[in-house]
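Notes follow the structure.
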Number of protein chains: 2
Amino acid sequence: MQDILFNFISKYITLTEEEKNTLLSLNLFHSVKKGTVLLAQGQSTNNNYFVLKGCIRVYYIIDGEEKTTAFYTELEGVTPHCAINKTPSEYYVGCVEDSILLVSNDDMSVEVNNKFPKFDTMCRMLSEELLAKQRMDFDEFKTSSPEQRYLNLIQKRPDLIQRVPQHQLASYLGIKPQSLSRLRARISEKKG
Amino acid sequence: MQDILFNFISKYITLTEEEKNTLLSLNLFHSVKKGTVLLAQGQSTNNNYFVLKGCIRVYYIIDGEEKTTAFYTELEGVTPHCAINKTPSEYYVGCVEDSILLVSNDDMSVEVNNKFPKFDTMCRMLSEELLAKQRMDFDEFKTSSPEQRYLNLIQKRPDLIQRVPQHQLASYLGIKPQSLSRLRARISEKKG
DNA sequence: ACAACTCGTTCACTTAAGTGAAGAAAGAGG
DNA sequence: CCTCTTTCTTCACTTAAGTGAACGAGTTGT
């Protein structure tokens, strides 16, 4: 599991053995059961969640309905909005599958960043990468129909369709579960 | 016009007179006529555009149809995707109104960042702020209907509805101009 | 002043998504 | 193994968005 982490980091910066050990000494690894709510609406946290194995999601509850807006799988992470601006969270963060997460908080970040300035560099690279990726996703979402979005998802994240419940996928695509069913039927009719 | 810029910067960092003069010496200010295409699909640039006065937009042309995905008005800016990863641009950047822009490029950024490391700090703050804001916008878009999105826009950016052509607004809301017309009629019927 | 264009609205019609209900299928727990 | 629950699909019906066409208002250019 540690290898997965260090492998990921090595894409951005190079770590010495000493630095690796410092990281490991922070006790970042957490095993989380499917269904666990990591952060609830109205709560506050300064934790960051990074997925080493498994899947977590961000969702809202609006008029009693769950609306999923994001999935994070292997080597993706969330910094909840409330961790940045110290306000109660507007959304939930939940565990879709049994997962192994890297949970860090501000204190740790400050500590690590002080010891190893390269970490700062990595964070900046990551956040730029993320910003660009998110803008692309947003543009794609805006410029396509639900059906196109679904076909797109099949191309870009085929794993999600297998591992995530349909009703969560539906709201991720901006529609109701019934519409997703219909849409799938429509597509397989065209093909077959 | 310079005051507007320095006022904005002062929210993040404090500049000396010398630093201000260095900035001014770079000749960043540009006057741009309504309708001007700053960046075309397929083209490449390493310019950043920051709006001091006026309005610019990002749009795609898909199957011969314009799809506007973003508007930038006073004190907002774009760094086109192609400026980051040196690929041809997937979208257009155009001028909605006669505008005064601050146009900078990578060379300038490097130069300024070398001279004044605080600029680095400001850029990081800006990009974090932007990332958070964009995520909120995306979540909001996903979790609401076209009508809700329009009502929301009235609350959050009432100026846009006045200064931007309806057909551009429509695609920004993810619908066709005809649907926006209908939607507006529906709303004013409810109110009156 | 006139023609050409752009823009917003309206209409009739089509297509797809929302809604509420019901039932089949798959999983979880005892 | 059976029960309870969650998840997915299907159906009939409603509502809203897409489509293609037409019209009037406002602009631009000559």
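For the structure tokens, the naming scheme is as follows: chains receive sequential letters (A, B, ...) according to their order of presentation, residues are indexed from 1 within each chain, and ligands are indexed from 1 in presentation order.
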
For chain B versus chain D, which residues have an atom no more than 10 Å away, and what is each residue's nearest atom pair and distance in Å rounded to one decimal, using only C-alpha atoms (C1' of nucleotides), chain-then-number order, as JSON lines?
{"residue": "B:Pro146", "atom": "CA", "partner": "D:DA17", "partner_atom": "C1'", "distance": 9.4}
{"residue": "B:Glu147", "atom": "CA", "partner": "D:DA16", "partner_atom": "C1'", "distance": 9.9}
{"residue": "B:Ile175", "atom": "CA", "partner": "D:DA17", "partner_atom": "C1'", "distance": 7.5}
{"residue": "B:Lys176", "atom": "CA", "partner": "D:DG18", "partner_atom": "C1'", "distance": 7.7}
{"residue": "B:Gln178", "atom": "CA", "partner": "D:DG18", "partner_atom": "C1'", "distance": 9.1}
{"residue": "B:Ser179", "atom": "CA", "partner": "D:DA17", "partner_atom": "C1'", "distance": 6.5}
{"residue": "B:Leu180", "atom": "CA", "partner": "D:DA17", "partner_atom": "C1'", "distance": 9.6}
{"residue": "B:Arg182", "atom": "CA", "partner": "D:DA17", "partner_atom": "C1'", "distance": 9.8}
{"residue": "B:Leu183", "atom": "CA", "partner": "D:DA16", "partner_atom": "C1'", "distance": 9.2}

_Contact residues (chain C, partner chain A, 12 Å, only C-alpha atoms (C1' of nucleotides)) as a list in words_ =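 Matching residues, ligands excluded from the count: DA16, DA17, DG18, DT19 and DG20 of chain C.
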
Taking only C-alpha atoms into account and nothing else, which residues of chain A lie no more than 7 Å away from chain B? Please answer as a PyMOL selection string.
chain A and resi 67+69+81+131-132+138-139+142-143+174

For atom CA of Ile100 of chain A and atom CA of Val32 of chain A, determine how far apart the two atoms are, in Å to one decimal place.
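Computing it gives 6.1 Å between the two atoms.
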
What separates atom CA of Gln166 of chain B and atom CA of Asp98 of chain B is a distance of 17.9 Å

Exercise for the section: Extract, using only C-alpha atoms (C1' of nucleotides), all DNA, RNA and protein residues at most 12 Å from Phe8 of chain B, discarding same-chain residues fewer than 2 positions from it, and format them as a ChimeraX atom specification. Expected result: /B:1-6,10-15,50-52,74-76,122,126

Report as number ranges by chain: the residues of segment 48-161 of chain B with a DSSP assignment of alpha helix (DSSP H), based on the backbone of this structure.
B: 81-85, 106-115, 118-142, 146-156, 158-161

Next on the checklist: At a cut-off of 8 Å, using only C-alpha atoms (C1' of nucleotides), what residues contact Val78 of chain A? Leave out same-chain residues fewer than 5 positions from it and give the result as a ChimeraX atom specification.
Outcome noted: /A:48-50,72

A straight line from atom CA of Thr87 of chain A to atom CA of Ile56 of chain A spans 21.5 Å

With distances taken over only C-alpha atoms, the candidate from A:Leu160, A:Leu39, A:Val112, A:Val103 nearest Glu19 of chain A is A:Val112
